[in-house]
$ cat target-v3.csv   # CSV, C-alpha atoms and all ligand atoms
chain,number,residue,atom,x,y,z
A,1,MET,CA,-17.7,24.8,-35.9
A,2,ASN,CA,-17.7,21.8,-38.1
A,3,PHE,CA,-20.0,19.0,-36.8
A,4,LYS,CA,-19.9,15.4,-37.9
A,5,GLY,CA,-23.0,14.1,-36.3
A,6,GLY,CA,-26.6,15.1,-35.3
A,7,LYS,CA,-25.9,14.4,-31.6
A,8,ASP,CA,-23.8,17.6,-31.4
A,9,LEU,CA,-26.6,19.7,-32.7
A,10,TYR,CA,-29.2,18.0,-30.5
A,11,VAL,CA,-27.0,18.5,-27.4
A,12,MET,CA,-26.3,22.2,-28.4
A,13,ASP,CA,-30.1,22.8,-28.9
A,14,ILE,CA,-30.8,21.2,-25.5
A,15,PHE,CA,-28.4,23.5,-23.6
A,16,ASN,CA,-29.5,26.6,-25.6
A,17,ARG,CA,-33.1,25.9,-24.5
A,18,VAL,CA,-32.5,25.2,-20.8
A,19,SER,CA,-29.6,27.7,-20.2
A,20,SER,CA,-31.6,30.3,-18.2
A,21,ARG,CA,-32.7,27.6,-15.6
A,22,TYR,CA,-29.7,25.3,-15.9
A,23,ASP,CA,-28.0,26.3,-12.6
A,24,LEU,CA,-31.2,26.2,-10.6
A,25,MET,CA,-32.1,22.8,-12.1
A,26,ASN,CA,-28.6,21.5,-11.2
A,27,THR,CA,-28.9,22.7,-7.6
A,28,ILE,CA,-32.3,21.1,-7.2
A,29,MET,CA,-31.4,17.8,-8.9
A,30,SER,CA,-28.2,17.4,-6.9
A,31,TRP,CA,-29.8,18.6,-3.6
A,32,GLY,CA,-27.3,21.4,-3.5
A,33,LEU,CA,-24.3,19.2,-3.8
A,34,ASP,CA,-23.1,20.2,-7.3
A,35,LYS,CA,-21.0,23.1,-6.0
A,36,THR,CA,-19.2,20.8,-3.6
A,37,TRP,CA,-18.5,18.3,-6.4
A,38,ARG,CA,-17.1,21.1,-8.6
A,39,ARG,CA,-15.0,22.4,-5.7
A,40,ILE,CA,-13.5,18.9,-5.2
A,41,ALA,CA,-12.8,18.6,-8.9
A,42,ALA,CA,-11.0,22.0,-8.9
A,43,ILE,CA,-8.9,21.0,-5.9
A,44,SER,CA,-8.0,17.8,-7.7
A,45,CYS,CA,-6.1,20.0,-10.2
A,46,SER,CA,-3.5,20.3,-7.4
A,47,PHE,CA,-2.3,23.7,-8.7
A,48,SER,CA,1.2,24.8,-7.6
A,49,GLU,CA,1.7,27.9,-5.6
A,50,GLY,CA,2.6,30.1,-8.6
A,51,SER,CA,0.3,31.3,-11.3
A,52,SER,CA,-1.4,28.5,-13.2
A,53,LEU,CA,-3.4,28.2,-16.4
A,54,ALA,CA,-6.6,26.0,-16.5
A,55,LEU,CA,-9.0,25.1,-19.2
A,56,ASP,CA,-12.6,24.2,-18.4
A,57,LEU,CA,-14.0,22.3,-21.3
A,58,CYS,CA,-17.8,22.3,-21.9
A,59,SER,CA,-17.8,25.1,-19.3
A,60,GLY,CA,-21.5,25.8,-19.7
A,61,THR,CA,-22.5,28.6,-17.3
A,62,GLY,CA,-19.0,28.7,-15.9
A,63,MET,CA,-19.6,27.3,-12.5
A,64,LEU,CA,-16.5,25.1,-12.5
A,65,ALA,CA,-14.4,27.9,-14.1
A,66,LEU,CA,-15.3,29.9,-11.1
A,67,GLU,CA,-14.3,27.2,-8.6
A,68,LEU,CA,-11.0,26.8,-10.5
A,69,ALA,CA,-10.3,30.6,-10.1
A,70,ARG,CA,-11.1,30.4,-6.4
A,71,VAL,CA,-8.9,27.3,-5.8
A,72,MET,CA,-6.0,29.2,-7.6
A,73,ASN,CA,-6.6,32.1,-5.1
A,74,PHE,CA,-7.3,34.2,-8.2
A,75,ARG,CA,-3.7,34.2,-9.1
A,76,GLY,CA,-3.8,32.2,-12.4
A,77,LYS,CA,-6.0,32.3,-15.5
A,78,VAL,CA,-9.0,30.1,-16.5
A,79,LEU,CA,-10.3,29.7,-20.0
A,80,GLY,CA,-13.8,28.2,-20.3
A,81,LEU,CA,-14.9,26.8,-23.6
A,82,ASP,CA,-18.4,25.7,-24.7
A,83,PHE,CA,-20.3,25.4,-28.0
A,84,SER,CA,-23.6,26.7,-26.6
A,85,ARG,CA,-23.8,30.5,-27.0
A,86,SER,CA,-26.7,30.8,-24.5
A,87,MET,CA,-24.8,28.9,-21.8
A,88,LEU,CA,-21.7,31.0,-22.4
A,89,GLU,CA,-23.7,34.3,-22.2
A,90,ILE,CA,-24.7,33.4,-18.6
A,91,ALA,CA,-21.1,32.5,-17.8
A,92,ILE,CA,-19.8,35.8,-19.4
A,93,ASN,CA,-22.4,37.9,-17.5
A,94,ARG,CA,-21.5,36.2,-14.2
A,95,VAL,CA,-17.8,37.2,-14.6
A,96,ARG,CA,-18.3,40.6,-16.2
A,97,GLY,CA,-17.8,43.5,-13.8
A,98,SER,CA,-16.7,41.2,-11.0
A,99,ASN,CA,-13.2,40.7,-9.5
A,100,LEU,CA,-12.9,37.7,-11.9
A,101,ASP,CA,-12.8,39.9,-15.0
A,102,GLY,CA,-9.4,39.3,-16.5
A,103,ILE,CA,-8.9,36.0,-14.6
A,104,ILE,CA,-11.6,34.0,-16.3
A,105,GLU,CA,-12.3,34.2,-20.0
A,106,PHE,CA,-14.8,32.2,-22.2
A,107,ILE,CA,-14.6,31.2,-25.8
A,108,GLU,CA,-17.1,29.5,-28.1
A,109,GLY,CA,-15.8,26.4,-29.6
A,110,ASP,CA,-16.0,22.6,-30.2
A,111,ALA,CA,-14.3,20.6,-27.4
A,112,LEU,CA,-13.7,17.8,-29.9
A,113,ASN,CA,-11.6,20.2,-32.2
A,114,LEU,CA,-10.0,22.6,-29.8
A,115,PRO,CA,-8.8,25.9,-31.4
A,116,LEU,CA,-5.9,25.9,-28.9
A,117,PRO,CA,-2.1,25.0,-29.1
A,118,SER,CA,-0.7,21.8,-27.6
A,119,ASN,CA,1.0,21.6,-24.1
A,120,MET,CA,-0.5,24.8,-22.7
A,121,PHE,CA,-2.6,24.1,-19.6
A,122,ASP,CA,-1.7,23.0,-16.1
A,123,CYS,CA,-5.1,21.5,-15.7
A,124,VAL,CA,-7.9,20.6,-18.1
A,125,THR,CA,-11.4,19.9,-16.5
A,126,ILE,CA,-14.4,18.3,-18.1
A,127,ALA,CA,-17.6,18.4,-16.0
A,128,PHE,CA,-20.8,16.6,-16.9
A,129,CYS,CA,-19.9,16.6,-20.5
A,130,LEU,CA,-18.2,13.3,-21.5
A,131,ARG,CA,-21.7,11.6,-21.6
A,132,ASN,CA,-22.9,14.2,-24.1
A,133,VAL,CA,-20.2,14.0,-26.8
A,134,ILE,CA,-20.1,11.8,-29.9
A,135,SER,CA,-16.6,10.5,-29.0
A,136,ILE,CA,-15.4,10.2,-25.4
A,137,ARG,CA,-12.0,9.3,-26.8
A,138,ARG,CA,-11.7,12.3,-29.0
A,139,LEU,CA,-12.6,14.6,-26.1
A,140,LEU,CA,-9.9,13.0,-23.9
A,141,GLU,CA,-7.4,13.0,-26.7
A,142,GLU,CA,-7.9,16.8,-27.2
A,143,SER,CA,-7.7,17.3,-23.4
A,144,VAL,CA,-4.4,15.5,-23.2
A,145,ARG,CA,-3.0,17.3,-26.3
A,146,VAL,CA,-3.6,20.8,-24.8
A,147,ALA,CA,-2.4,19.8,-21.2
A,148,LYS,CA,1.2,20.5,-20.3
A,149,PRO,CA,3.4,17.5,-19.7
A,150,GLY,CA,2.9,16.9,-16.0
A,151,GLY,CA,-0.5,18.7,-16.1
A,152,ARG,CA,-3.7,17.0,-15.1
A,153,VAL,CA,-7.0,16.1,-16.8
A,154,ILE,CA,-10.0,15.9,-14.5
A,155,VAL,CA,-13.3,14.4,-15.4
A,156,LEU,CA,-16.3,15.0,-13.1
A,157,ASP,CA,-19.4,13.2,-14.1
A,158,LEU,CA,-22.4,11.1,-13.0
A,159,SER,CA,-21.4,7.5,-12.1
A,160,LYS,CA,-23.2,4.3,-11.2
A,161,PRO,CA,-23.5,3.3,-7.5
A,162,ARG,CA,-21.9,-0.1,-6.9
A,163,SER,CA,-25.0,-1.3,-4.9
A,164,ILE,CA,-27.6,-2.8,-7.4
A,165,VAL,CA,-30.4,-1.6,-5.1
A,166,LEU,CA,-29.1,1.9,-5.0
A,167,TYR,CA,-28.4,1.9,-8.7
A,168,GLN,CA,-32.1,0.9,-9.4
A,169,LEU,CA,-33.3,3.6,-7.0
A,170,TYR,CA,-31.0,6.1,-8.7
A,171,ASN,CA,-32.3,5.1,-12.1
A,172,ILE,CA,-35.9,5.6,-10.9
A,173,TYR,CA,-34.9,9.1,-9.6
A,174,LEU,CA,-33.3,10.0,-12.9
A,175,ARG,CA,-36.0,8.4,-15.1
A,176,LEU,CA,-39.1,9.8,-13.3
A,177,VAL,CA,-38.3,12.5,-10.7
A,178,VAL,CA,-35.7,14.5,-12.6
A,179,PRO,CA,-37.6,14.9,-15.9
A,180,LEU,CA,-40.7,16.0,-13.9
A,181,ILE,CA,-38.7,18.6,-12.0
A,182,GLY,CA,-37.0,19.6,-15.3
A,183,TRP,CA,-40.5,20.2,-16.8
A,184,LEU,CA,-41.6,22.2,-13.8
A,185,ILE,CA,-38.5,24.4,-13.7
A,186,THR,CA,-37.5,24.8,-17.4
A,187,GLY,CA,-40.8,24.0,-19.2
A,188,HIS,CA,-38.9,21.2,-21.1
A,189,MET,CA,-39.0,17.5,-20.1
A,190,ASP,CA,-36.9,15.9,-22.9
A,191,PRO,CA,-33.6,17.5,-22.0
A,192,TYR,CA,-33.7,15.7,-18.7
A,193,ALA,CA,-35.3,12.6,-19.9
A,194,TYR,CA,-32.2,11.5,-21.7
A,195,LEU,CA,-30.0,11.4,-18.5
A,196,PRO,CA,-30.6,7.8,-17.6
A,197,ASP,CA,-29.9,6.6,-21.2
A,198,SER,CA,-26.7,8.7,-21.4
A,199,LEU,CA,-25.6,7.1,-18.1
A,200,ARG,CA,-26.5,3.5,-19.1
A,201,GLU,CA,-23.8,3.3,-21.8
A,202,PHE,CA,-21.3,5.5,-20.0
A,203,PRO,CA,-18.0,3.8,-18.8
A,204,VAL,CA,-17.4,4.3,-15.1
A,205,ARG,CA,-14.7,3.7,-12.6
A,206,GLU,CA,-12.2,1.1,-14.0
A,207,SER,CA,-13.6,1.3,-17.5
A,208,LEU,CA,-13.3,5.0,-17.8
A,209,SER,CA,-9.8,4.9,-16.1
A,210,LYS,CA,-8.7,2.4,-18.8
A,211,ILE,CA,-9.9,4.7,-21.6
A,212,MET,CA,-8.1,7.6,-20.0
A,213,ARG,CA,-4.9,5.5,-19.8
A,214,GLU,CA,-5.3,4.4,-23.4
A,215,GLU,CA,-5.6,8.1,-24.4
A,216,GLY,CA,-2.2,8.9,-22.9
A,217,LEU,CA,-2.8,9.7,-19.2
A,218,SER,CA,-0.9,8.1,-16.4
A,219,ASN,CA,-1.5,7.7,-12.6
A,220,VAL,CA,-5.2,7.5,-13.3
A,221,LYS,CA,-7.3,7.3,-10.2
A,222,PHE,CA,-10.9,8.1,-9.3
A,223,ILE,CA,-12.8,9.4,-6.3
A,224,GLU,CA,-16.5,8.3,-5.8
A,225,LEU,CA,-18.8,10.9,-4.3
A,226,THR,CA,-22.3,10.9,-2.8
A,227,LEU,CA,-22.8,7.1,-2.6
A,228,GLY,CA,-21.1,6.6,-6.0
A,229,THR,CA,-23.7,8.6,-8.0
A,230,VAL,CA,-20.9,10.9,-9.0
A,231,ALA,CA,-17.2,10.4,-9.6
A,232,ILE,CA,-14.1,12.4,-10.3
A,233,HIS,CA,-11.4,10.7,-12.5
A,234,ILE,CA,-7.9,12.2,-12.4
A,235,GLY,CA,-5.1,11.6,-14.8
A,236,VAL,CA,-1.6,13.1,-15.4
A,237,LYS,CA,-0.1,13.8,-18.8
A,238,PRO,CA,3.3,12.1,-18.7
A,239,ILE,CA,6.4,14.4,-18.8
A,240,GLN,CA,8.0,12.6,-21.8
A,241,LYS,CA,4.9,13.0,-24.1
B,301,LIG,C1,-24.2,19.3,-18.6
B,301,LIG,S1,-23.5,20.8,-19.2
B,301,LIG,C2,-22.1,21.0,-18.1
B,301,LIG,C3,-21.7,22.4,-17.9
B,301,LIG,C4,-20.6,22.6,-16.9
B,301,LIG,N1,-19.4,21.9,-17.1
B,301,LIG,C5,-21.1,22.3,-15.5
B,301,LIG,O1,-20.3,21.8,-14.7
B,301,LIG,O2,-22.3,22.7,-15.1
B,301,LIG,C6,-22.7,20.2,-20.6
B,301,LIG,C7,-22.1,21.4,-21.5
B,301,LIG,O3,-21.3,20.8,-22.5
B,301,LIG,C8,-21.4,21.6,-23.6
B,301,LIG,N2,-21.0,20.7,-24.8
B,301,LIG,C9,-21.4,19.5,-25.1
B,301,LIG,N3,-20.7,19.1,-26.2
B,301,LIG,C10,-19.8,20.0,-26.5
B,301,LIG,C11,-18.8,20.1,-27.5
B,301,LIG,N4,-18.6,19.2,-28.4
B,301,LIG,N5,-18.0,21.3,-27.5
B,301,LIG,C12,-18.2,22.3,-26.6
B,301,LIG,N6,-19.2,22.2,-25.6
B,301,LIG,C13,-20.0,21.1,-25.6
B,301,LIG,C14,-22.9,21.9,-23.7
B,301,LIG,O4,-23.2,23.1,-24.5
B,301,LIG,C15,-23.2,22.2,-22.2
B,301,LIG,O5,-23.0,23.6,-21.9

$ encode --input "target-v3.csv" --output "structure tokens"
Amino acid sequence: MNFKGGKDLYVMDIFNRVSSRYDLMNTIMSWGLDKTWRRIAAISCSFSEGSSLALDLCSGTGMLALELARVMNFRGKVLGLDFSRSMLEIAINRVRGSNLDGIIEFIEGDALNLPLPSNMFDCVTIAFCLRNVISIRRLLEESVRVAKPGGRVIVLDLSKPRSIVLYQLYNIYLRLVVPLIGWLITGHMDPYAYLPDSLREFPVRESLSKIMREEGLSNVKFIELTLGTVAIHIGVKPIQK
């Protein structure tokens, strides 16, 4: 992998350090809702009845890849890609020896320079990753490239509640409570302390929809979940592209 900036290495190091407690931490931070969010993101792929092919970018411990396989009724194939070896090891162990072996595969790679051919996947998902990369546009551009014409790109990520009061409370939760829980569970505080900063600059709702359209997606829409703290953006790669 050929990285341009220090942010990539910083992010990779964070996930390598917290991997063993990542899923537990997610469940606690999201009050157990993260599985439901991923399930809704997987359903948003709107897979057809036949066998489909999905790509889960920044797959981490493979939780969304698992939901994708379930939503496809285990008929299609899912490829999960991530650049953190420690996160992928957990994903691979989860699948190994289960009935998902052969349905889900994981590869190590950089989501900003995908080692994959164009026009291949019925659905490309990106969960909780757009905030972490050096270029949102580049990640979307690569996602659109590898999606089939007519295929979907789904972005699941934190969002900003519309109510100012709720946004302030949410900020306090992210700034004070989450790093403290992170420290108690993983022994590291800094990986969780950067969450509010990553969200502050992050484009949400109409702004992210606009970027998705500019990167070549059509029919872009978004669904807000859990009081607007999380959102799923959905775009379709036009047939003529
Ligand atoms: C917050 S985790 C999300 C994992 C998973 N999608 C989920 O729903 O739990 C972000 C993941 O993105 C990965 N990541 C960040 N930048 C990446 C890049 N440029 N290429 C590949 N993976 C990347 C990290 O290693 C980490 O596993």

$ residues_around --input "target-v3.csv" --residues "Leu68 in chain A" --least-positions-apart "5" --cutoff "8 Å" --atoms "only C-alpha atoms" --output "JSON, numbers by chain"
{"A": [39, 42, 43, 54, 78]}

$ residues_around --input "target-v3.csv" --residues "Val230 in chain A" --least-positions-apart "2" --cutoff "6 Å" --atoms "all atoms listed in the file" --output "list of chain:residue names"
A:Asp157, A:Leu158, A:Ser159, A:Leu225, A:Gly228

$ residues_near_ligand --input "target-v3.csv" --ligand "ligand LIG 301 (chain B)" --cutoff "7 Å" --atoms "all atoms listed in the file" --output "list in words"
Asp8, Val11, Met12, Phe15, Arg38, Leu57, Cys58, Ser59, Gly60, Thr61, Gly62, Met63, Leu64, Leu81, Asp82, Phe83, Ser84, Met87, Gly109, Asp110, Ala111, Leu112, Ile126, Ala127, Phe128, Cys129, Asn132 and Val133 of chain A

$ closest_residue --input "target-v3.csv" --among "A:Val146, A:Val18, A:Val95, A:Leu176" --to "Pro115 in chain A" --atoms "only C-alpha atoms"
A:Val146

$ atom_distance --input "target-v3.csv" --atom1 "CA of Arg175 in chain A" --atom2 "CA of Glu201 in chain A"
14.8 Å

$ closest_residue --input "target-v3.csv" --among "A:Ala193, A:Glu49, A:Gly80, A:Ile40" --to "Ile172 in chain A" --atoms "only C-alpha atoms"
A:Ala193

$ atom_distance --input "target-v3.csv" --atom1 "CA of Ala41 in chain A" --atom2 "CA of Ser198 in chain A"
21.2 Å

$ residues_near_point --input "target-v3.csv" --point "(-25.2, 3.6, -10.5)" --cutoff "12 Å" --atoms "all atoms listed in the file" --output "number ranges by chain"
A: 157-174, 196, 199-205, 224-231

$ closest_residue --input "target-v3.csv" --among "A:Ile92, A:Ile28, A:Val124, A:Asp101" --to "Pro179 in chain A" --atoms "all atoms listed in the file"
A:Ile28

$ residues_around --input "target-v3.csv" --residues "Gly151 in chain A" --least-positions-apart "3" --cutoff "12 Å" --atoms "all atoms listed in the file" --output "compact mmCIF listing (two decimals) with C-alpha atoms, in the coordinates of the input"
# COMPACT_ATOMS: atom_id res chain seq x y z
CA SER A 44 -8.00 17.80 -7.70
CA CYS A 45 -6.10 20.00 -10.20
CA SER A 46 -3.50 20.30 -7.40
CA PHE A 47 -2.30 23.70 -8.70
CA SER A 48 1.20 24.80 -7.60
CA SER A 52 -1.40 28.50 -13.20
CA LEU A 53 -3.40 28.20 -16.40
CA ALA A 54 -6.60 26.00 -16.50
CA LEU A 55 -9.00 25.10 -19.20
CA SER A 118 -0.70 21.80 -27.60
CA ASN A 119 1.00 21.60 -24.10
CA MET A 120 -0.50 24.80 -22.70
CA PHE A 121 -2.60 24.10 -19.60
CA ASP A 122 -1.70 23.00 -16.10
CA CYS A 123 -5.10 21.50 -15.70
CA VAL A 124 -7.90 20.60 -18.10
CA THR A 125 -11.40 19.90 -16.50
CA SER A 143 -7.70 17.30 -23.40
CA VAL A 144 -4.40 15.50 -23.20
CA ARG A 145 -3.00 17.30 -26.30
CA VAL A 146 -3.60 20.80 -24.80
CA ALA A 147 -2.40 19.80 -21.20
CA LYS A 148 1.20 20.50 -20.30
CA ILE A 154 -10.00 15.90 -14.50
CA LEU A 217 -2.80 9.70 -19.20
CA SER A 218 -0.90 8.10 -16.40
CA ASN A 219 -1.50 7.70 -12.60
CA ILE A 234 -7.90 12.20 -12.40
CA GLY A 235 -5.10 11.60 -14.80
CA VAL A 236 -1.60 13.10 -15.40
CA LYS A 237 -0.10 13.80 -18.80
CA PRO A 238 3.30 12.10 -18.70
CA ILE A 239 6.40 14.40 -18.80
CA GLN A 240 8.00 12.60 -21.80
CA LYS A 241 4.90 13.00 -24.10

$ atom_distance --input "target-v3.csv" --atom1 "CA of Val155 in chain A" --atom2 "CA of Lys35 in chain A"
14.9 Å

$ closest_residue --input "target-v3.csv" --among "A:Arg152, A:Ala91, A:Val178, A:Glu215" --to "Tyr192 in chain A" --atoms "all atoms listed in the file"
A:Val178
